[in-house]
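Heads up, the thing below is written out as structure tokens.
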Amino acid sequence: MEMESGVLTEQRREIEEAKTLNSDLDFAFNLQMQEAMTASLSILNHPPSTVSPSSSSTPKNEEAEADAEAEAEAEDFDCCSTLFLEDIERLDQERKDREESENLMREMREDLDRRMHDQKVASEIMNIPDEEWEEYGDDYEDPFENGERVSFFKVYSKGVESEERIRDMKVIVGGIGVAICDSKDNLIFEVSKGIDVGAEGSSSNKSCAGVSVELQALIEGLNAAFALDLKNLTFFVDHSMLYQYVTGAVQPQNSKISTLVNQVSLLQKKFADCKPSLVACSDIKFAFRFAKDAIVSQITWPAEDSKGKRKLKETCVICYEDTDVDQIFSVDGCFHRYCFPCMKQHVEVKLLQGTMAKCPHEGCKSDVSIETCGKFLDPRLVEIMSQRKKEASIAVTEKVYCPYPRCSALMSTSEVLEYTNSSFVGGEKSGARKCVKCHLFFCINCRVPWHYNMTCYDYKRSKPHPRTEDKMLDSLAKRKLWRQCVMCKNMVELAEGCYHITCRCGYEFCYTCGAKWKNKKPTCSCPIWDERNIIRDGRR
């Protein structure tokens, strides 16, 4: 009870402060209006003096000076009147904007209350058994009609600064993103706005600039939560130094950073419960996307195409070409942006190298999503990317390929076993497996199409000679001096270096005779290296 009384007292105090602030703003507005009107009336009651043209006693040069002064006074009068009218219009517009902002926030709070109430009712209904609902559903009464708002909210904030290119200029722009969610991570409010990073974006202040932008985003998020009249919340950040600052573990040395941290501390005190939490970057993807959207809005500009239609343009930072925004690719995870032709070339080169494509930005390790590559890649290349991704996700010792030439699908041993057990009894003991793609059976021990009514031993006795394709592979391996790993059966080619081979499955053996290495030592007497395989001065 004492805690509730303290909370109510604090709420009443905040309401009184808000009322006092509104009355002060209204008083200041009325005072400014009165001063402007008084000044306007004083000028109107004392208009500039004019010289009568009938005065013949004034010399001509004095008459000219008097006329000039009269004209100047008249111009000053007109200028002052214009300025006063502009001030009145500006003050009136500020008042209207303030009222509109207050109305908007009030509507948002009401909408939030409705959404939270509906969510609670829906959750309550979902917990009612079907039989009970069928019998009493028509008489169901809202148990939260006069209840309080759901009290737990999440605030995600992200500040980003980036070096971008606008036509032939390099610019440093900043953006902040805020996502306010309910306890189930449903988005209820968002903020996306650009900020001026100014001199902080210079190379000498990069660390401070990064924290400063993050703090500004956090302050924006807490202000939005306070405007929505939220009481209990957790704010999430992915910047470790920022987290240490707001928790008090580390005291900032930079004066501006210290000021921003103090603002965060003051804002925290406005809530009944407001605590920080450090999370991974992937957990604040909403806020990150909003921040990048704010940056994009600052580096695009409208331009007319050849047909006279206005489109937004953006400069690709790889080729420096001005490109339509709808032809710009955004990498998931980091949101770095490049034109379709540059991304197409980048991904194709990586595929030729046998690797998966990552973001072209220097130092960025974000993977390029296969699903989004369909915007600029040929469908066949997208399929190759999917295959490469699957190959990378399966351990070498777990890989299984369908032996049917027209299929050759890649599977893992656990995947194909699970698929087989769904339609075949005893597959694990017999060695029979069902391909997940062509749905034909094969033997995982012999790596051949399934030999019906024959054990693996009987099959090998009846087929002592390898198949034609296996013969071709063996012949090629002998000509190229390849060695087959006895563990995973993959072929290994020695391009350079010593004869100690470590297969990608982890098995170590001698390239000359195939004998196993134990504890980094050979079990055979073969030479460890050949001078012809050692690189010297860039040549063999």
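Residue numbering restarts at 1 for every chain of the structure tokens, chains are lettered A, B, ... in their displayed order, and ligands are numbered from 1 as they appear.
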
Write out as a compact mmCIF listing (two decimals) with N, CA, C and O atoms, in the first residue's frame which residues come within 12 Å of A:Ser412 when counting only C-alpha atoms, dropping same-chain ones fewer than 2 positions away.
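File part03.txt, as written:
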# COMPACT_ATOMS: atom_id res chain seq x y z
N LYS A 390 24.03 -25.10 -48.50
CA LYS A 390 23.73 -26.39 -47.87
C LYS A 390 25.01 -27.19 -47.67
O LYS A 390 25.20 -27.84 -46.64
N GLU A 391 25.91 -27.16 -48.66
CA GLU A 391 27.17 -27.87 -48.54
C GLU A 391 27.98 -27.36 -47.36
O GLU A 391 28.60 -28.12 -46.62
N ALA A 392 27.97 -26.04 -47.18
CA ALA A 392 28.73 -25.44 -46.08
C ALA A 392 28.14 -25.79 -44.72
O ALA A 392 28.85 -25.80 -43.72
N SER A 393 26.83 -26.05 -44.69
CA SER A 393 26.17 -26.32 -43.41
C SER A 393 26.28 -27.76 -42.96
O SER A 393 25.98 -28.09 -41.81
N ILE A 394 26.72 -28.66 -43.86
CA ILE A 394 26.81 -30.08 -43.53
C ILE A 394 28.29 -30.46 -43.37
O ILE A 394 29.12 -30.14 -44.22
N ALA A 395 28.61 -31.12 -42.27
CA ALA A 395 29.98 -31.57 -42.04
C ALA A 395 30.38 -32.56 -43.13
O ALA A 395 29.54 -33.30 -43.67
N VAL A 396 31.67 -32.57 -43.46
CA VAL A 396 32.15 -33.42 -44.56
C VAL A 396 31.82 -34.88 -44.32
O VAL A 396 31.40 -35.60 -45.23
N THR A 397 31.98 -35.35 -43.10
CA THR A 397 31.71 -36.76 -42.79
C THR A 397 30.23 -37.09 -42.80
O THR A 397 29.86 -38.26 -42.81
N GLU A 398 29.37 -36.06 -42.84
CA GLU A 398 27.93 -36.28 -42.82
C GLU A 398 27.30 -36.19 -44.21
O GLU A 398 26.11 -36.46 -44.38
N LYS A 399 28.09 -35.79 -45.20
CA LYS A 399 27.52 -35.56 -46.54
C LYS A 399 27.21 -36.87 -47.26
O LYS A 399 28.01 -37.81 -47.24
N VAL A 400 26.05 -36.90 -47.89
CA VAL A 400 25.63 -38.05 -48.69
C VAL A 400 25.05 -37.51 -49.99
O VAL A 400 24.20 -36.61 -49.97
N TYR A 401 25.50 -38.07 -51.12
CA TYR A 401 24.97 -37.68 -52.43
C TYR A 401 24.16 -38.83 -53.01
O TYR A 401 24.57 -40.00 -52.91
N CYS A 402 23.04 -38.49 -53.60
CA CYS A 402 22.21 -39.52 -54.25
C CYS A 402 23.00 -40.12 -55.40
O CYS A 402 23.55 -39.40 -56.24
N ALA A 409 21.40 -35.41 -55.51
CA ALA A 409 21.05 -34.46 -54.44
C ALA A 409 21.96 -34.63 -53.23
O ALA A 409 22.37 -35.74 -52.88
N LEU A 410 22.28 -33.52 -52.59
CA LEU A 410 23.11 -33.53 -51.38
C LEU A 410 22.21 -33.65 -50.15
O LEU A 410 21.22 -32.93 -50.03
N SER A 414 21.92 -37.84 -41.21
CA SER A 414 20.76 -37.80 -40.30
C SER A 414 19.49 -37.40 -41.03
O SER A 414 18.41 -37.93 -40.75
N GLU A 415 19.61 -36.48 -41.99
CA GLU A 415 18.44 -36.04 -42.75
C GLU A 415 17.85 -37.18 -43.57
O GLU A 415 16.63 -37.41 -43.55
N VAL A 416 18.71 -37.90 -44.30
CA VAL A 416 18.20 -38.97 -45.16
C VAL A 416 17.68 -40.14 -44.33
O VAL A 416 16.71 -40.81 -44.73
N LEU A 417 18.27 -40.40 -43.16
CA LEU A 417 17.77 -41.47 -42.30
C LEU A 417 16.39 -41.14 -41.76
O LEU A 417 15.49 -42.00 -41.75
N GLU A 418 16.22 -39.91 -41.31
CA GLU A 418 14.91 -39.50 -40.80
C GLU A 418 13.84 -39.59 -41.89
O GLU A 418 12.71 -40.03 -41.63
N TYR A 419 14.20 -39.18 -43.10
CA TYR A 419 13.24 -39.24 -44.21
C TYR A 419 12.90 -40.69 -44.56
O TYR A 419 11.76 -41.02 -44.88
N ARG A 433 18.37 -46.30 -47.92
CA ARG A 433 18.02 -44.89 -47.72
C ARG A 433 17.16 -44.43 -48.89
O ARG A 433 17.33 -44.89 -50.03
N CYS A 435 16.07 -41.17 -51.12
CA CYS A 435 16.51 -39.82 -51.47
C CYS A 435 15.38 -38.82 -51.22
O CYS A 435 14.22 -39.06 -51.58
N VAL A 436 15.72 -37.69 -50.62
CA VAL A 436 14.71 -36.69 -50.29
C VAL A 436 14.25 -35.92 -51.52
O VAL A 436 13.22 -35.24 -51.48
N ILE A 444 23.42 -46.79 -48.57
CA ILE A 444 24.36 -45.80 -48.05
C ILE A 444 25.73 -46.41 -47.81
O ILE A 444 26.74 -45.69 -47.75

Quiz item: Which neighbours of stretch 262-271 of chain A fall inside 10 Å, counting only C-alpha atoms, when residues of the same chain fewer than 2 positions from it are skipped, and could you give them as number ranges by chain?
Solution: A: 10-11, 14, 215-216, 218-220, 222-223, 225-226, 229-233, 245-248, 256-260, 273-276

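In terms of minimum interatomic distance to A:Gln298, A:Ile172 ranks closest within A:Val368, A:Ala280, A:Cys456, A:Ile172, counting only C-alpha atoms.
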
Quiz item: What does the distance from atom CA of A:Tyr457 to atom CA of A:Lys429 come to in Å, to one decimal?
Solution: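 Atom CA of A:Lys429 lies 13.9 Å from atom CA of A:Tyr457.
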
Could you give me, as a PDB file with N, CA and C atoms, in the first residue's frame, the residues within 7 Å of stretch 523-528 of chain A, counting only C-alpha atoms and dropping anything in the same chain fewer than 6 positions from it?
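Output (selection_28.pdb):
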ATOM      1  N   CYS A 498      54.128 -29.740 -48.189  1.00  0.00           N
ATOM      2  CA  CYS A 498      54.632 -31.049 -47.776  1.00  0.00           C
ATOM      3  C   CYS A 498      53.601 -32.136 -48.023  1.00  0.00           C
ATOM      4  N   TYR A 499      53.999 -33.387 -47.757  1.00  0.00           N
ATOM      5  CA  TYR A 499      53.137 -34.546 -48.001  1.00  0.00           C
ATOM      6  C   TYR A 499      52.215 -34.850 -46.826  1.00  0.00           C
ATOM      7  N   HIS A 500      52.272 -34.062 -45.793  1.00  0.00           N
ATOM      8  CA  HIS A 500      51.356 -34.246 -44.657  1.00  0.00           C
ATOM      9  C   HIS A 500      50.027 -33.575 -45.010  1.00  0.00           C
ATOM     10  N   THR A 512      51.712 -39.658 -50.009  1.00  0.00           N
ATOM     11  CA  THR A 512      52.432 -40.618 -50.855  1.00  0.00           C
ATOM     12  C   THR A 512      51.830 -42.010 -50.793  1.00  0.00           C
ATOM     13  N   ALA A 515      49.067 -43.592 -45.577  1.00  0.00           N
ATOM     14  CA  ALA A 515      49.129 -44.021 -44.174  1.00  0.00           C
ATOM     15  C   ALA A 515      48.680 -42.887 -43.249  1.00  0.00           C
ATOM     16  N   LYS A 516      48.093 -43.261 -42.149  1.00  0.00           N
ATOM     17  CA  LYS A 516      47.548 -42.281 -41.202  1.00  0.00           C
ATOM     18  C   LYS A 516      48.653 -41.606 -40.404  1.00  0.00           C
ATOM     19  N   TRP A 517      48.447 -40.331 -40.116  1.00  0.00           N
ATOM     20  CA  TRP A 517      49.313 -39.589 -39.200  1.00  0.00           C
ATOM     21  C   TRP A 517      48.664 -39.610 -37.816  1.00  0.00           C
TER      22      TRP A 517
END

Quiz prompt | Contacts of A:Lys184 at 9 Å (only C-alpha atoms; same-chain gap of 3+ positions) as a list in words | solution = Phe153, Cys181 and Leu187 of chain A

For the alpha helix (DSSP H) assignment from backbone DSSP, which residues of stretch 314-352 of chain A qualify? Please present them as a CSV table (one decimal) with N, CA, C and O atoms, in the first residue's frame.
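Generated output (part26.csv):
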chain,number,residue,atom,x,y,z
A,340,PHE,N,22.4,-3.1,-58.4
A,340,PHE,CA,22.3,-4.4,-58.9
A,340,PHE,C,23.5,-4.9,-59.7
A,340,PHE,O,23.9,-6.1,-59.4
A,341,PRO,N,24.0,-4.2,-60.7
A,341,PRO,CA,25.1,-4.7,-61.5
A,341,PRO,C,26.3,-5.0,-60.6
A,341,PRO,O,27.0,-6.0,-60.8
A,342,CYS,N,26.6,-4.1,-59.7
A,342,CYS,CA,27.8,-4.3,-58.8
A,342,CYS,C,27.6,-5.6,-58.0
A,342,CYS,O,28.6,-6.4,-57.8
A,343,MET,N,26.4,-5.7,-57.4
A,343,MET,CA,26.2,-6.9,-56.6
A,343,MET,C,26.2,-8.2,-57.4
A,343,MET,O,26.7,-9.2,-56.9
A,344,LYS,N,25.7,-8.1,-58.6
A,344,LYS,CA,25.6,-9.3,-59.5
A,344,LYS,C,27.1,-9.8,-59.8
A,344,LYS,O,27.4,-11.0,-59.7
A,345,GLN,N,27.9,-8.8,-60.1
A,345,GLN,CA,29.3,-9.2,-60.4
A,345,GLN,C,30.0,-9.7,-59.1
A,345,GLN,O,30.8,-10.7,-59.2
A,346,HIS,N,29.8,-9.1,-58.0
A,346,HIS,CA,30.4,-9.5,-56.7
A,346,HIS,C,30.0,-11.0,-56.4
A,346,HIS,O,30.8,-11.8,-56.1
A,347,VAL,N,28.7,-11.3,-56.5
A,347,VAL,CA,28.2,-12.6,-56.1
A,347,VAL,C,28.7,-13.7,-57.1
A,347,VAL,O,29.2,-14.8,-56.8
A,348,GLU,N,28.7,-13.3,-58.4
A,348,GLU,CA,29.2,-14.3,-59.4
A,348,GLU,C,30.7,-14.6,-59.3
A,348,GLU,O,31.1,-15.8,-59.4
A,349,VAL,N,31.5,-13.6,-58.9
A,349,VAL,CA,32.9,-13.9,-58.7
A,349,VAL,C,33.1,-14.8,-57.5
A,349,VAL,O,33.9,-15.7,-57.5
A,350,LYS,N,32.3,-14.6,-56.4
A,350,LYS,CA,32.4,-15.4,-55.2
A,350,LYS,C,32.0,-16.9,-55.6
A,350,LYS,O,32.6,-17.8,-55.0
A,351,LEU,N,31.0,-17.0,-56.4
A,351,LEU,CA,30.6,-18.4,-56.8
A,351,LEU,C,31.6,-19.1,-57.6
A,351,LEU,O,31.9,-20.3,-57.4
A,352,LEU,N,32.3,-18.3,-58.5
A,352,LEU,CA,33.4,-18.9,-59.3
A,352,LEU,C,34.6,-19.3,-58.4
A,352,LEU,O,35.3,-20.3,-58.7
